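Each remark here refers to the structure printed beneath this line.
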Amino acid sequence: MIIEKTFNKWILVFLFLIPVLGFIFEEPYYITLTTKVVILGIAGIGLNLALGYCGLISFGHAAFFGLGGYVTGILSFHALNSELMFSWPFVSSGSSDMLVIWPIVILSSAFLALIIGLLSLRTTGVYFIMITLAFAQMLYFFAISWPNYGGEDGLSIYMRNSLPMINTMDPLNFYFICLCWLLTVIFISAKLINSSFGMAFQAIKQNEERVKSVGIETFKVKLLVFVISGTITGLAGSLYTDLNRFISPSVLNWQMSGEIMVFVILGGIARLYGPLVGAAFFIVLEQTLGSYTENWQFWLGLILILEILYVRTGILSLFEKKLKYEK
Amino acid sequence: MTSILFFEQLLNGIQFGTMLFLMSAGLTLIFGVMGLINLAHGSFYMIGAFSAALIASLTGSFWLALLASLSGAAIAGVLIEIIIIRRLYRRDHLDQVLATFALILLLSEGVRWYFGAFPLYLDIPENLNGTLPILDDIIYSKYRLFIIFMGLLIAVGLYILISKTRLGVRIRAGQNDRQMISALGIDISKLYTIVFALGASLAGLAGAMIGAIQSVEVGMGEPILILAFVVIVIGGIGSIKGALIGSILVGVTDTIGRIFLPELLKIFMESASATSVGSSIGSMLIYILMALILIIKPSGLFGKT
């Protein structure tokens, strides 16, 4: 564990160094790439709370990621076109201020997670995996066939949403905004995991019946974890829209849910930094393989399969094992 | 909106349903017997379609192509089961989902590598071209009727296989108690390979038959895979009967919903918004159906609790 902790500190050092280096050597592309890693890492950390720590295998987290993305896209679309969004119960023409968008994204993702959680948590096992998938697919098809916001073609926003006094269009500034969110999310997760509530949801993963018999209402605990998890992933979706200045139904697709899941498992489930490492590994692999061969997905699939068959517990576990052998 | 149109759409729905049945029967068997969530099942659909297109272009025979889809997918199934899938049975669902997700990437890209990115086409044979009059004034595509017929034939065949043959007894025993049947001296890993190959070949056949109506291309399996999952979850995982009823239910709901929901809404709303709302809800309908069924019966219509 000590090695994993040192490794985690190095990750943070790297996260501060890489974009600065990119800035010095004038390679803004690497800043954008690291921003992407950070954002997808946040999405994975959200899923990890439900999937890794509480054993709720959600195959539908793209729903929250996409909702966060679409709420952001739609709000700023109206604000940039000065078009009325709705006139009841109050008049609104959207907003392009992140300080307004974030709370709305957080509230709406939490609400969606509450609804999906209330309905899905009645089922367990494979049925839970599939019903969460079904809800995400519902939103996906809705986004495709709803013509007002681009339908299948997606929605472009011309300007990144703004923050007071900060030029968000500057890649480095935007990167640090995302990094702040990452640190916040890691901090919140760490606090949660070590709280008594965290003990409860981790115990549910091991044996729900026993937790029930102690007098804890496990349904409420699971629901709350699911809501927090969905909210964090929703926030990541919002940042992702701002990064690309574009949102399309593909972020709601089941492959997105699969990818977020890959980040979590690749890094090592129920490890705080796991999803971040997983996302970094996935994206670096995608980039390097992509530069060598057109058929990079083939090799990516192969590496993933080998990882599952032989490493089994994620990349971070490699750093843990070393310690055991050294002893 | 006449009854003729309705009847035609109903047949389309049933045809779609029988195809879904070919996919979901294998999926539900594999889950029931081996406890494996196989996301890569859609890849066998694709492999079947490509095998058929390859043989059709070499020989020109549609029937040989159908045979090739069955055997091509079965061979791929056996190989993949022995090399990879076998190691996943004892793992938890999470590992299975991830490994088979990776397998999709690998197989899709592998097929694209070999066949190129352009879609292939598979021709319907002469004697199945055109339409056939059924009832007074209803005519319907011969080929689609053929698909329905094949689907029903395979449903009956599977029923006989599962309930009347020795292999079927083993499969049912495998669903009930894995340890016990291996203790009774039955080679369980051979049984697993057979079940997996059977599922794969049915998916391959479905791919080839649909490939002749649409096109044969990489990624064709994934949309139908998700629908097949919806079907087996509605029907209850592990139940072939559930898969059959679920398939027809999903096929008909999807087809009828997309066509008639916009029309239905036009009664209450203005035409333009009825079309957009109707088509959005129409495409979500089966997922709504699935969510409703799971909320009422958390383990599907015919699932064991």
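All residue names refer to the structure tokens as shown: chains lettered A, B, ... in order, residues numbered from 1 in each chain, ligands numbered from 1 in order.
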
Mind dumping a table of every chain A residue within 7 Å of chain B, with the nearest atom pair and its distance in Å to one decimal, using only C-alpha atoms, sorted by chain and rising number, as JSON lines?
```
{"residue": "A:Leu119", "atom": "CA", "partner": "B:Ile295", "partner_atom": "CA", "distance": 6.5}
{"residue": "A:Arg122", "atom": "CA", "partner": "B:Pro298", "partner_atom": "CA", "distance": 6.8}
{"residue": "A:Thr123", "atom": "CA", "partner": "B:Pro298", "partner_atom": "CA", "distance": 5.3}
{"residue": "A:Tyr127", "atom": "CA", "partner": "B:Val233", "partner_atom": "CA", "distance": 6.7}
{"residue": "A:Ile131", "atom": "CA", "partner": "B:Ala291", "partner_atom": "CA", "distance": 6.3}
{"residue": "A:Ala134", "atom": "CA", "partner": "B:Tyr287", "partner_atom": "CA", "distance": 5.4}
{"residue": "A:Phe135", "atom": "CA", "partner": "B:Tyr287", "partner_atom": "CA", "distance": 6.9}
{"residue": "A:Met138", "atom": "CA", "partner": "B:Met284", "partner_atom": "CA", "distance": 5.0}
{"residue": "A:Phe141", "atom": "CA", "partner": "B:Ser283", "partner_atom": "CA", "distance": 6.0}
{"residue": "A:Phe142", "atom": "CA", "partner": "B:Ser280", "partner_atom": "CA", "distance": 5.2}
{"residue": "A:Ser145", "atom": "CA", "partner": "B:Ser280", "partner_atom": "CA", "distance": 4.9}
{"residue": "A:Trp146", "atom": "CA", "partner": "B:Ser280", "partner_atom": "CA", "distance": 6.0}
{"residue": "A:Val262", "atom": "CA", "partner": "B:Leu98", "partner_atom": "CA", "distance": 6.6}
{"residue": "A:Asn295", "atom": "CA", "partner": "B:Glu109", "partner_atom": "CA", "distance": 6.2}
{"residue": "A:Gln297", "atom": "CA", "partner": "B:Leu105", "partner_atom": "CA", "distance": 5.6}
{"residue": "A:Phe298", "atom": "CA", "partner": "B:Leu106", "partner_atom": "CA", "distance": 4.2}
{"residue": "A:Trp299", "atom": "CA", "partner": "B:Leu106", "partner_atom": "CA", "distance": 7.0}
{"residue": "A:Gly301", "atom": "CA", "partner": "B:Ala102", "partner_atom": "CA", "distance": 4.4}
{"residue": "A:Leu302", "atom": "CA", "partner": "B:Leu106", "partner_atom": "CA", "distance": 6.3}
{"residue": "A:Leu304", "atom": "CA", "partner": "B:Ala102", "partner_atom": "CA", "distance": 6.0}
{"residue": "A:Ile305", "atom": "CA", "partner": "B:Ala99", "partner_atom": "CA", "distance": 5.4}
{"residue": "A:Ile308", "atom": "CA", "partner": "B:Ala99", "partner_atom": "CA", "distance": 6.4}
```

**Q.** 9 Å contact set for Ala280 in chain A, only C-alpha atoms, chain neighbours under 3 positions out, as a ChimeraX atom specification
**A.** /A:34,36-38,40-41,263,275-277,283-285

(Q) Using Å and a single decimal, report how far CA of Val126 in chain A sits from CA of Gln206 in chain A. (A)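 Going from CA of Gln206 in chain A over to CA of Val126 in chain A, I get 17.0 Å.
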
Q: Name the closest residue to Ile154 in chain B among the candidates B:Leu11, B:Ala65, B:Leu202, B:Ile210; distances are taken between atoms, counting only C-alpha atoms.
A: B:Leu202

Q) So what do you get for CA of Gln255 in chain A versus CA of Ser58 in chain A, distance-wise? A)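 Separation between CA of Gln255 in chain A and CA of Ser58 in chain A: 12.9 Å.
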
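Atom to atom, CA of Leu239 in chain A and CA of Phe281 in chain A stand 20.2 Å apart.
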
(Q) Can you pull out the residues contacting Ile181 in chain B? Cut-off 12 Å, using only C-alpha atoms, and skip same-chain residues under 3 positions away; I want them as a list in words. (A)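 Once the nearby chain positions are removed, what remains is Val33, Val169, Arg170, Ile171, Arg172, Ala173, Gly174, Gln175, Asn176, Asp177, Arg178, Leu184, Gly185, Ile186, Asp187, Ile188, Ser189 and Leu191 of chain B.
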
Counting only C-alpha atoms, what are the residues of range 4-81 of chain B within 10 Å of range 140-143 of chain B, and for each of them which pair of atoms is the nearest and at what distance in Å, to one decimal? Sort the table by chain and rising number, as JSON lines.
```
{"residue": "B:Phe7", "atom": "CA", "partner": "B:Tyr140", "partner_atom": "CA", "distance": 9.9}
{"residue": "B:Glu8", "atom": "CA", "partner": "B:Tyr140", "partner_atom": "CA", "distance": 7.2}
{"residue": "B:Leu11", "atom": "CA", "partner": "B:Tyr140", "partner_atom": "CA", "distance": 8.5}
{"residue": "B:Asn12", "atom": "CA", "partner": "B:Tyr140", "partner_atom": "CA", "distance": 9.4}
```

Q: Please give the complete set of residues from range 60-117 of chain B that DSSP, run on the backbone, assigns to alpha helix (DSSP H), formatted as an MDAnalysis selection string.
A: chainID B and resid 62:83 93:115

**Q.** Which residue of B:Ala203, B:Leu128, B:His41, B:Tyr121 approaches Glu81 in chain B most closely, using only C-alpha atoms
**A.** B:His41

Give me the residues within 9 Å of Leu198 in chain B as a PDB file with N, CA and C atoms, in the first residue's frame, counting only C-alpha atoms and dropping any in the same chain fewer than 4 places off.
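Result file out_20.pdb:
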```
ATOM      1  N   GLY B  26     -29.425 -17.969 -27.919  1.00  0.00           N
ATOM      2  CA  GLY B  26     -28.053 -18.324 -27.589  1.00  0.00           C
ATOM      3  C   GLY B  26     -27.563 -17.595 -26.349  1.00  0.00           C
ATOM      4  N   LEU B  70     -23.693 -20.342 -40.452  1.00  0.00           N
ATOM      5  CA  LEU B  70     -23.815 -21.238 -39.296  1.00  0.00           C
ATOM      6  C   LEU B  70     -22.455 -21.793 -38.885  1.00  0.00           C
ATOM      7  N   ALA B  74     -19.958 -20.837 -35.776  1.00  0.00           N
ATOM      8  CA  ALA B  74     -19.733 -21.922 -34.823  1.00  0.00           C
ATOM      9  C   ALA B  74     -18.239 -22.154 -34.605  1.00  0.00           C
ATOM     10  N   GLY B  77     -16.884 -19.465 -32.625  1.00  0.00           N
ATOM     11  CA  GLY B  77     -17.350 -19.660 -31.254  1.00  0.00           C
ATOM     12  C   GLY B  77     -16.501 -20.667 -30.504  1.00  0.00           C
ATOM     13  N   THR B 193     -18.510 -25.822 -24.321  1.00  0.00           N
ATOM     14  CA  THR B 193     -18.079 -25.441 -25.666  1.00  0.00           C
ATOM     15  C   THR B 193     -19.226 -25.644 -26.667  1.00  0.00           C
ATOM     16  N   ILE B 194     -19.952 -26.771 -26.509  1.00  0.00           N
ATOM     17  CA  ILE B 194     -21.064 -27.037 -27.428  1.00  0.00           C
ATOM     18  C   ILE B 194     -22.138 -25.964 -27.309  1.00  0.00           C
ATOM     19  N   LEU B 202     -26.333 -19.744 -34.032  1.00  0.00           N
ATOM     20  CA  LEU B 202     -27.659 -19.141 -34.217  1.00  0.00           C
ATOM     21  C   LEU B 202     -27.521 -17.646 -34.486  1.00  0.00           C
ATOM     22  N   ALA B 203     -26.640 -16.986 -33.728  1.00  0.00           N
ATOM     23  CA  ALA B 203     -26.411 -15.554 -33.948  1.00  0.00           C
ATOM     24  C   ALA B 203     -25.875 -15.330 -35.358  1.00  0.00           C
TER      25      ALA B 203
END
```

Q | Test item: residues at most 10 Å from Ile55 in chain B, only C-alpha atoms, excluding those fewer than 4 positions along its chain, as a ChimeraX atom specification | A | /B:50-51,59-69,122

Q. Between A:Ile315, A:Val251, A:Leu155, A:Cys180, which is the closest to Gly278 in chain A once you count only C-alpha atoms?
A. A:Ile315

For Asn161 in chain A, work out the shell of residues within 9 Å, counting only C-alpha atoms and skipping chain neighbours fewer than 5 positions away, then give it as a PDB file with all heavy atoms, in the first residue's frame.
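Resulting contents of around-v8.pdb:
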```pdb
ATOM      1  N   THR A  72     -25.372  21.329 -20.036  1.00  0.00           N
ATOM      2  CA  THR A  72     -24.395  22.381 -20.314  1.00  0.00           C
ATOM      3  C   THR A  72     -24.552  22.913 -21.737  1.00  0.00           C
ATOM      4  O   THR A  72     -24.606  24.125 -21.957  1.00  0.00           O
ATOM      5  CB  THR A  72     -22.968  21.812 -20.148  1.00  0.00           C
ATOM      6  OG1 THR A  72     -22.891  21.164 -18.897  1.00  0.00           O
ATOM      7  CG2 THR A  72     -21.934  22.902 -20.242  1.00  0.00           C
ATOM      8  N   SER A  76     -25.947  26.801 -22.690  1.00  0.00           N
ATOM      9  CA  SER A  76     -25.091  27.802 -23.337  1.00  0.00           C
ATOM     10  C   SER A  76     -25.527  28.043 -24.783  1.00  0.00           C
ATOM     11  O   SER A  76     -25.338  29.131 -25.312  1.00  0.00           O
ATOM     12  CB  SER A  76     -23.623  27.393 -23.261  1.00  0.00           C
ATOM     13  OG  SER A  76     -23.356  26.368 -24.154  1.00  0.00           O
ATOM     14  N   SER A  95     -27.710  30.080 -19.938  1.00  0.00           N
ATOM     15  CA  SER A  95     -26.608  30.775 -19.298  1.00  0.00           C
ATOM     16  C   SER A  95     -25.301  30.230 -19.844  1.00  0.00           C
ATOM     17  O   SER A  95     -25.218  29.076 -20.232  1.00  0.00           O
ATOM     18  CB  SER A  95     -26.660  30.549 -17.793  1.00  0.00           C
ATOM     19  OG  SER A  95     -25.455  31.017 -17.230  1.00  0.00           O
ATOM     20  N   SER A  96     -24.306  31.090 -19.895  1.00  0.00           N
ATOM     21  CA  SER A  96     -23.008  30.577 -20.305  1.00  0.00           C
ATOM     22  C   SER A  96     -21.997  30.793 -19.188  1.00  0.00           C
ATOM     23  O   SER A  96     -20.807  30.822 -19.423  1.00  0.00           O
ATOM     24  CB  SER A  96     -22.554  31.263 -21.595  1.00  0.00           C
ATOM     25  OG  SER A  96     -22.405  32.629 -21.359  1.00  0.00           O
ATOM     26  N   ASP A  97     -22.504  30.949 -17.985  1.00  0.00           N
ATOM     27  CA  ASP A  97     -21.630  31.131 -16.846  1.00  0.00           C
ATOM     28  C   ASP A  97     -21.485  29.796 -16.109  1.00  0.00           C
ATOM     29  O   ASP A  97     -22.469  29.215 -15.673  1.00  0.00           O
ATOM     30  CB  ASP A  97     -22.245  32.192 -15.914  1.00  0.00           C
ATOM     31  CG  ASP A  97     -21.281  32.561 -14.802  1.00  0.00           C
ATOM     32  OD1 ASP A  97     -20.321  31.792 -14.568  1.00  0.00           O
ATOM     33  OD2 ASP A  97     -21.494  33.618 -14.178  1.00  0.00           O
ATOM     34  N   MET A  98     -20.255  29.316 -16.001  1.00  0.00           N
ATOM     35  CA  MET A  98     -20.046  28.011 -15.359  1.00  0.00           C
ATOM     36  C   MET A  98     -20.603  27.988 -13.939  1.00  0.00           C
ATOM     37  O   MET A  98     -21.070  26.951 -13.473  1.00  0.00           O
ATOM     38  CB  MET A  98     -18.557  27.681 -15.325  1.00  0.00           C
ATOM     39  CG  MET A  98     -17.996  27.339 -16.697  1.00  0.00           C
ATOM     40  SD  MET A  98     -16.286  26.819 -16.584  1.00  0.00           S
ATOM     41  CE  MET A  98     -15.865  26.656 -18.313  1.00  0.00           C
ATOM     42  N   ILE A 101     -24.071  27.162 -14.459  1.00  0.00           N
ATOM     43  CA  ILE A 101     -24.279  25.861 -15.095  1.00  0.00           C
ATOM     44  C   ILE A 101     -23.994  24.714 -14.139  1.00  0.00           C
ATOM     45  O   ILE A 101     -24.772  23.761 -14.040  1.00  0.00           O
ATOM     46  CB  ILE A 101     -23.390  25.760 -16.363  1.00  0.00           C
ATOM     47  CG1 ILE A 101     -23.927  26.711 -17.426  1.00  0.00           C
ATOM     48  CG2 ILE A 101     -23.381  24.343 -16.899  1.00  0.00           C
ATOM     49  CD1 ILE A 101     -23.083  26.772 -18.661  1.00  0.00           C
ATOM     50  N   THR A 168     -11.455  31.211 -19.976  1.00  0.00           N
ATOM     51  CA  THR A 168     -11.563  29.755 -20.043  1.00  0.00           C
ATOM     52  C   THR A 168     -11.155  29.213 -21.410  1.00  0.00           C
ATOM     53  O   THR A 168     -10.920  28.026 -21.553  1.00  0.00           O
ATOM     54  CB  THR A 168     -12.999  29.299 -19.757  1.00  0.00           C
ATOM     55  OG1 THR A 168     -13.870  30.021 -20.625  1.00  0.00           O
ATOM     56  CG2 THR A 168     -13.374  29.539 -18.321  1.00  0.00           C
ATOM     57  N   MET A 169     -11.087  30.108 -22.408  1.00  0.00           N
ATOM     58  CA  MET A 169     -10.696  29.631 -23.731  1.00  0.00           C
ATOM     59  C   MET A 169      -9.223  29.242 -23.770  1.00  0.00           C
ATOM     60  O   MET A 169      -8.785  28.503 -24.633  1.00  0.00           O
ATOM     61  CB  MET A 169     -10.979  30.695 -24.803  1.00  0.00           C
ATOM     62  CG  MET A 169     -12.440  30.846 -25.154  1.00  0.00           C
ATOM     63  SD  MET A 169     -13.196  29.306 -25.709  1.00  0.00           S
ATOM     64  CE  MET A 169     -12.645  29.254 -27.402  1.00  0.00           C
ATOM     65  N   ASP A 242     -17.674  21.320 -22.341  1.00  0.00           N
ATOM     66  CA  ASP A 242     -16.900  22.560 -22.437  1.00  0.00           C
ATOM     67  C   ASP A 242     -15.555  22.333 -23.103  1.00  0.00           C
ATOM     68  O   ASP A 242     -15.068  23.185 -23.843  1.00  0.00           O
ATOM     69  CB  ASP A 242     -16.698  23.163 -21.045  1.00  0.00           C
ATOM     70  CG  ASP A 242     -17.757  24.199 -20.747  1.00  0.00           C
ATOM     71  OD1 ASP A 242     -18.219  24.835 -21.720  1.00  0.00           O
ATOM     72  OD2 ASP A 242     -18.125  24.377 -19.583  1.00  0.00           O
ATOM     73  N   ARG A 245     -16.458  21.768 -26.785  1.00  0.00           N
ATOM     74  CA  ARG A 245     -17.430  22.737 -27.290  1.00  0.00           C
ATOM     75  C   ARG A 245     -18.421  22.063 -28.244  1.00  0.00           C
ATOM     76  O   ARG A 245     -18.827  22.621 -29.252  1.00  0.00           O
ATOM     77  CB  ARG A 245     -16.721  23.913 -27.962  1.00  0.00           C
ATOM     78  CG  ARG A 245     -16.174  24.889 -26.932  1.00  0.00           C
ATOM     79  CD  ARG A 245     -15.308  25.930 -27.555  1.00  0.00           C
ATOM     80  NE  ARG A 245     -13.985  25.399 -27.838  1.00  0.00           N
ATOM     81  CZ  ARG A 245     -13.224  25.831 -28.836  1.00  0.00           C
ATOM     82  NH1 ARG A 245     -13.647  26.769 -29.636  1.00  0.00           N
ATOM     83  NH2 ARG A 245     -12.032  25.299 -29.028  1.00  0.00           N
TER      84      ARG A 245
END
```
